[in-house]
Each structure stands twice: as C-alpha cells, then as structure tokens.
Amino acid sequence: MKRKDYISWDTYFMGVAKLSALRSKDPSTQVGACIVNEEKRIVGIGYNGLPKGLDDSSFAWEKEGSFLETKYPYVVHAEANAILNSTQNLKGSTIYVTLFPCNECMKLIAQSGIKEIVYVSNKDEGKDFNVASFKIMEAAGIKYRQIKMEEITLNE
Ligand SMILES: Nc1nc(=O)n([C@H]2C[C@H](O)[C@@H](COP(=O)(O)O)O2)cc1CO
Ligand SMILES: [Zn+2]
C-alpha cells in the first residue's frame, strides 16, 4: 500500500521556494521563488540577492538611511531572479513565492505569461506598491491563492 504522508504538490514547490530563500544574504527578509510549468516541472528558481558581479560583503544590507546606502537600489527580487533563470517559455506557468510579489515583479510576471501566483505571506499588504501589484495582477487575469506552509522535516 502506498505511503499516506507524502507531501502535496503545493508543499513540494513551496518547499523548494523556501529552501532557495535560505540562500539569501538579506538579514531582514529572505524570499524564495519557484516557477512550475503546466506539466508540473520546475523551470526556474530564485531568491533575493545582488546582481552578478556585485560583492555581497561590500554592499550595505540596511533598510534605513540614505537611499544609496540601503539595499533597495541594488537587490534583485526572488521572482525576477526566478524569471531570469528560467529554462523555457513561461506561458501558462505558476510561480510559488514565499512573499507576495511587488509591483515591479508583478509586471515581469504578467509580461512573461505566468498565469498563477501561489504565496504564503503578504507582509506589505495595503502599501501603495502592494495595491498596485494587485491591480496589475487582476487586470492581467492572473489567478492567485495564499497557502499555509506545513513544516517539512528533512531526514538523512
Ligand atoms: N516579493 C518580494 N520579493 C523579494 O525578493 N523581496 C526582497 C527585496 C528585499 O531584499 C527584501 C524586502 O525588503 P524589506 O521588506 O526587508 O524592506 O525582500 C521583496 C518582496 C516584497 O515585495
Ligand atoms: Zn519584487
């Protein structure tokens, strides 16, 4: 008889997104993303980090202070990295992301043909960029759902 406690597709793909987030050097917010095609194959993964060639240790990861001294002008978001790393056309695919996408990433998501967003948290709910993000998503006809992430234990 088959095992009963195997993980669902949602837990599997969000688990990959969460694992990717652990690679992030951002001390306050680690985000992971995993893009899955219509055949349930992973076609892109990413986490928030500095662009290629920039040294993680010589840039400040500050949230506050003068704009140029914060992380904001430099960091590539998890969703953007997952799209850039993708191995195929993303039309009709689903993005699993640990944090709801910002408006800039939402533009990339819509433009790349991703049709569904699955996310865990939305800590920026109500902020202008988050409202803009929902506007883009709804206007573009992208489906979305929030899921609760179960604990996964990795055995040897
Ligand atoms: N969906 C997202 N994907 C991301 O990769 N990020 C990244 C950008 C920053 O490195 C960090 C957010 O900064 P803060 O919430 O600590 O100030 O998470 C942020 C969001 C939120 O929209
Ligand atoms: Zn973003």
# chains A, B, ... in the order shown; residues from 1 in each chain; ligands from 1
call {"tool": "select_by_dssp", "arguments": {"residues": "range 12-139 of chain A", "states": "strand (DSSP E)", "output": "PyMOL selection string"}}
result
chain A and resi 32-36+42-47+94-99+116-121
call {"tool": "residues_near_ligand", "arguments": {"ligand": "ligand 1", "cutoff": "6 Å", "atoms": "only C-alpha atoms and all ligand atoms", "output": "list of chain:residue names"}}
result
A:Asp26, A:Ser28, A:Thr29, A:Gln30, A:Val31, A:Asn48, A:Lys63, A:Val75, A:His77, A:Ala78, A:Leu99, A:Phe100, A:Pro101, A:Cys102
call {"tool": "write_last_selection", "arguments": {"atoms": "N, CA and C atoms", "output": "CSV table (one decimal), in the first residue's frame"}}
result
chain,number,residue,atom,x,y,z
A,26,ASP,N,20.1,38.7,2.6
A,26,ASP,CA,19.4,39.8,3.2
A,26,ASP,C,19.1,39.5,4.7
A,28,SER,N,17.2,40.9,6.9
A,28,SER,CA,15.8,41.0,7.4
A,28,SER,C,14.7,40.2,6.6
A,29,THR,N,14.8,40.1,5.3
A,29,THR,CA,13.8,39.5,4.5
A,29,THR,C,14.4,38.5,3.5
A,30,GLN,N,14.1,37.2,3.7
A,30,GLN,CA,14.6,36.2,2.7
A,30,GLN,C,13.4,35.7,1.9
A,31,VAL,N,13.5,35.9,0.6
A,31,VAL,CA,12.4,35.5,-0.2
A,31,VAL,C,12.9,34.4,-1.2
A,48,ASN,N,16.2,36.5,-3.4
A,48,ASN,CA,16.7,37.9,-3.5
A,48,ASN,C,18.1,38.0,-3.2
A,63,LYS,N,18.1,48.8,5.8
A,63,LYS,CA,16.8,49.1,5.4
A,63,LYS,C,16.6,50.6,5.5
A,75,VAL,N,19.2,45.3,-4.9
A,75,VAL,CA,18.8,43.9,-4.8
A,75,VAL,C,17.9,43.5,-6.0
A,77,HIS,N,15.0,41.0,-6.9
A,77,HIS,CA,14.0,40.2,-6.2
A,77,HIS,C,14.0,38.8,-6.6
A,78,ALA,N,13.5,37.9,-5.7
A,78,ALA,CA,13.4,36.5,-5.9
A,78,ALA,C,12.7,36.1,-7.2
A,99,LEU,N,6.8,35.3,-0.5
A,99,LEU,CA,6.2,36.6,-0.1
A,99,LEU,C,5.5,37.2,-1.4
A,100,PHE,N,4.3,37.7,-1.2
A,100,PHE,CA,3.6,38.3,-2.3
A,100,PHE,C,4.4,39.2,-3.2
A,101,PRO,N,4.4,39.1,-4.5
A,101,PRO,CA,5.3,40.0,-5.4
A,101,PRO,C,5.0,41.5,-5.3
A,102,CYS,N,6.0,42.3,-5.4
A,102,CYS,CA,5.9,43.7,-5.5
A,102,CYS,C,5.4,44.1,-6.9
call {"tool": "closest_residue", "arguments": {"among": "A:Arg3, A:Ser93, A:Gly49, A:Met149", "to": "Arg23 in chain A", "atoms": "only C-alpha atoms"}}
result
A:Gly49
call {"tool": "residues_around", "arguments": {"residues": "Leu54 in chain A", "least_positions_apart": "4", "cutoff": "12 Å", "atoms": "only C-alpha atoms", "output": "MDAnalysis selection string"}}
result
chainID A and resid 49:50 58:60 74:76
call {"tool": "write_last_selection", "arguments": {"atoms": "N, CA and C atoms", "output": "PDB file, in the first residue's frame"}}
result
ATOM      1  N   GLY A  49      18.811  38.701  -4.094  1.00  0.00           N
ATOM      2  CA  GLY A  49      20.262  38.862  -3.952  1.00  0.00           C
ATOM      3  C   GLY A  49      20.787  39.934  -4.883  1.00  0.00           C
ATOM      4  N   LEU A  50      22.052  40.254  -4.714  1.00  0.00           N
ATOM      5  CA  LEU A  50      22.669  41.271  -5.564  1.00  0.00           C
ATOM      6  C   LEU A  50      22.928  40.713  -6.961  1.00  0.00           C
ATOM      7  N   SER A  58      30.501  43.807   0.335  1.00  0.00           N
ATOM      8  CA  SER A  58      30.854  45.235   0.314  1.00  0.00           C
ATOM      9  C   SER A  58      29.639  46.147   0.125  1.00  0.00           C
ATOM     10  N   PHE A  59      28.444  45.569  -0.018  1.00  0.00           N
ATOM     11  CA  PHE A  59      27.234  46.402  -0.096  1.00  0.00           C
ATOM     12  C   PHE A  59      26.495  46.341   1.228  1.00  0.00           C
ATOM     13  N   ALA A  60      25.900  47.469   1.603  1.00  0.00           N
ATOM     14  CA  ALA A  60      25.172  47.517   2.864  1.00  0.00           C
ATOM     15  C   ALA A  60      23.820  46.838   2.655  1.00  0.00           C
ATOM     16  N   TYR A  74      19.755  48.099  -5.172  1.00  0.00           N
ATOM     17  CA  TYR A  74      20.685  47.096  -5.706  1.00  0.00           C
ATOM     18  C   TYR A  74      20.145  45.664  -5.804  1.00  0.00           C
ATOM     19  N   VAL A  75      19.230  45.321  -4.899  1.00  0.00           N
ATOM     20  CA  VAL A  75      18.847  43.903  -4.808  1.00  0.00           C
ATOM     21  C   VAL A  75      17.911  43.466  -5.953  1.00  0.00           C
ATOM     22  N   VAL A  76      18.148  42.262  -6.459  1.00  0.00           N
ATOM     23  CA  VAL A  76      17.263  41.662  -7.465  1.00  0.00           C
ATOM     24  C   VAL A  76      16.277  40.778  -6.690  1.00  0.00           C
TER      25      VAL A  76
END
call {"tool": "closest_residue", "arguments": {"among": "A:Tyr119, A:Phe129, A:Tyr144, A:Phe13", "to": "ligand 2", "atoms": "only C-alpha atoms and all ligand atoms"}}
result
A:Phe129
call {"tool": "atom_distance", "arguments": {"atom1": "CA of Asn85 in chain A", "atom2": "CA of Leu154 in chain A"}}
result
25.7 Å
call {"tool": "residues_around", "arguments": {"residues": "range 38-46 of chain A", "least_positions_apart": "5", "cutoff": "12 Å", "atoms": "only C-alpha atoms", "output": "PyMOL selection string"}}
result
chain A and resi 8-10+12-24+30-33+51+76-98+114-116
call {"tool": "write_last_selection", "arguments": {"atoms": "C-alpha atoms", "output": "PDB file, in the first residue's frame"}}
result
ATOM      1  CA  SER A   8       1.383  17.663  -1.779  1.00  0.00           C
ATOM      2  CA  TRP A   9       2.484  19.448  -4.959  1.00  0.00           C
ATOM      3  CA  ASP A  10       1.929  22.802  -3.219  1.00  0.00           C
ATOM      4  CA  TYR A  12       6.744  20.419  -2.615  1.00  0.00           C
ATOM      5  CA  PHE A  13       7.071  23.535  -4.786  1.00  0.00           C
ATOM      6  CA  MET A  14       6.729  25.987  -1.902  1.00  0.00           C
ATOM      7  CA  GLY A  15       9.309  23.871  -0.085  1.00  0.00           C
ATOM      8  CA  VAL A  16      11.726  24.450  -2.975  1.00  0.00           C
ATOM      9  CA  ALA A  17      10.961  28.191  -2.789  1.00  0.00           C
ATOM     10  CA  LYS A  18      11.619  28.190   0.979  1.00  0.00           C
ATOM     11  CA  LEU A  19      14.866  26.280   0.535  1.00  0.00           C
ATOM     12  CA  SER A  20      16.010  28.838  -2.087  1.00  0.00           C
ATOM     13  CA  ALA A  21      15.223  31.670   0.339  1.00  0.00           C
ATOM     14  CA  LEU A  22      17.810  30.225   2.729  1.00  0.00           C
ATOM     15  CA  ARG A  23      20.498  31.294   0.212  1.00  0.00           C
ATOM     16  CA  SER A  24      19.575  34.982   0.626  1.00  0.00           C
ATOM     17  CA  GLN A  30      14.633  36.246   2.735  1.00  0.00           C
ATOM     18  CA  VAL A  31      12.382  35.489  -0.237  1.00  0.00           C
ATOM     19  CA  GLY A  32      12.349  32.395  -2.462  1.00  0.00           C
ATOM     20  CA  ALA A  33      10.521  31.650  -5.718  1.00  0.00           C
ATOM     21  CA  PRO A  51      23.262  41.124  -9.326  1.00  0.00           C
ATOM     22  CA  VAL A  76      17.263  41.662  -7.465  1.00  0.00           C
ATOM     23  CA  HIS A  77      13.986  40.229  -6.173  1.00  0.00           C
ATOM     24  CA  ALA A  78      13.439  36.473  -5.918  1.00  0.00           C
ATOM     25  CA  GLU A  79      10.724  36.476  -8.599  1.00  0.00           C
ATOM     26  CA  ALA A  80      12.889  38.434 -11.060  1.00  0.00           C
ATOM     27  CA  ASN A  81      15.763  36.015 -10.478  1.00  0.00           C
ATOM     28  CA  ALA A  82      13.466  33.010 -10.996  1.00  0.00           C
ATOM     29  CA  ILE A  83      12.208  34.502 -14.288  1.00  0.00           C
ATOM     30  CA  LEU A  84      15.737  35.345 -15.445  1.00  0.00           C
ATOM     31  CA  ASN A  85      16.965  31.856 -14.516  1.00  0.00           C
ATOM     32  CA  SER A  86      14.102  30.097 -16.290  1.00  0.00           C
ATOM     33  CA  THR A  87      14.857  27.334 -18.729  1.00  0.00           C
ATOM     34  CA  GLN A  88      11.837  27.731 -21.010  1.00  0.00           C
ATOM     35  CA  ASN A  89       8.974  29.956 -22.094  1.00  0.00           C
ATOM     36  CA  LEU A  90       6.852  30.679 -19.016  1.00  0.00           C
ATOM     37  CA  LYS A  91       3.464  30.995 -20.717  1.00  0.00           C
ATOM     38  CA  GLY A  92       0.782  29.309 -18.582  1.00  0.00           C
ATOM     39  CA  SER A  93       3.102  28.566 -15.665  1.00  0.00           C
ATOM     40  CA  THR A  94       2.662  29.070 -11.911  1.00  0.00           C
ATOM     41  CA  ILE A  95       5.019  30.942  -9.604  1.00  0.00           C
ATOM     42  CA  TYR A  96       5.378  29.779  -5.997  1.00  0.00           C
ATOM     43  CA  VAL A  97       6.776  32.618  -3.914  1.00  0.00           C
ATOM     44  CA  THR A  98       7.187  32.891  -0.147  1.00  0.00           C
ATOM     45  CA  ILE A 114       2.765  33.392 -15.813  1.00  0.00           C
ATOM     46  CA  LYS A 115      -0.897  32.647 -15.077  1.00  0.00           C
ATOM     47  CA  GLU A 116      -0.997  31.832 -11.358  1.00  0.00           C
TER      48      GLU A 116
END
call {"tool": "select_by_dssp", "arguments": {"residues": "chain A", "states": "helix (DSSP H, G or I)", "output": "PyMOL selection string"}}
result
chain A and resi 9-21+67-69+78-84+103-112+128-139
call {"tool": "closest_residue", "arguments": {"among": "A:Phe134, A:Gly113, A:Ile7, A:Glu64", "to": "Glu151 in chain A", "atoms": "only C-alpha atoms"}}
result
A:Ile7
call {"tool": "atom_distance", "arguments": {"atom1": "CA of Asn103 in chain A", "atom2": "CA of Lys71 in chain A"}}
result
17.5 Å
call {"tool": "closest_residue", "arguments": {"among": "A:Asp5, A:Glu104, A:Asp55, A:Glu62", "to": "ligand 2", "atoms": "only C-alpha atoms and all ligand atoms"}}
result
A:Glu104
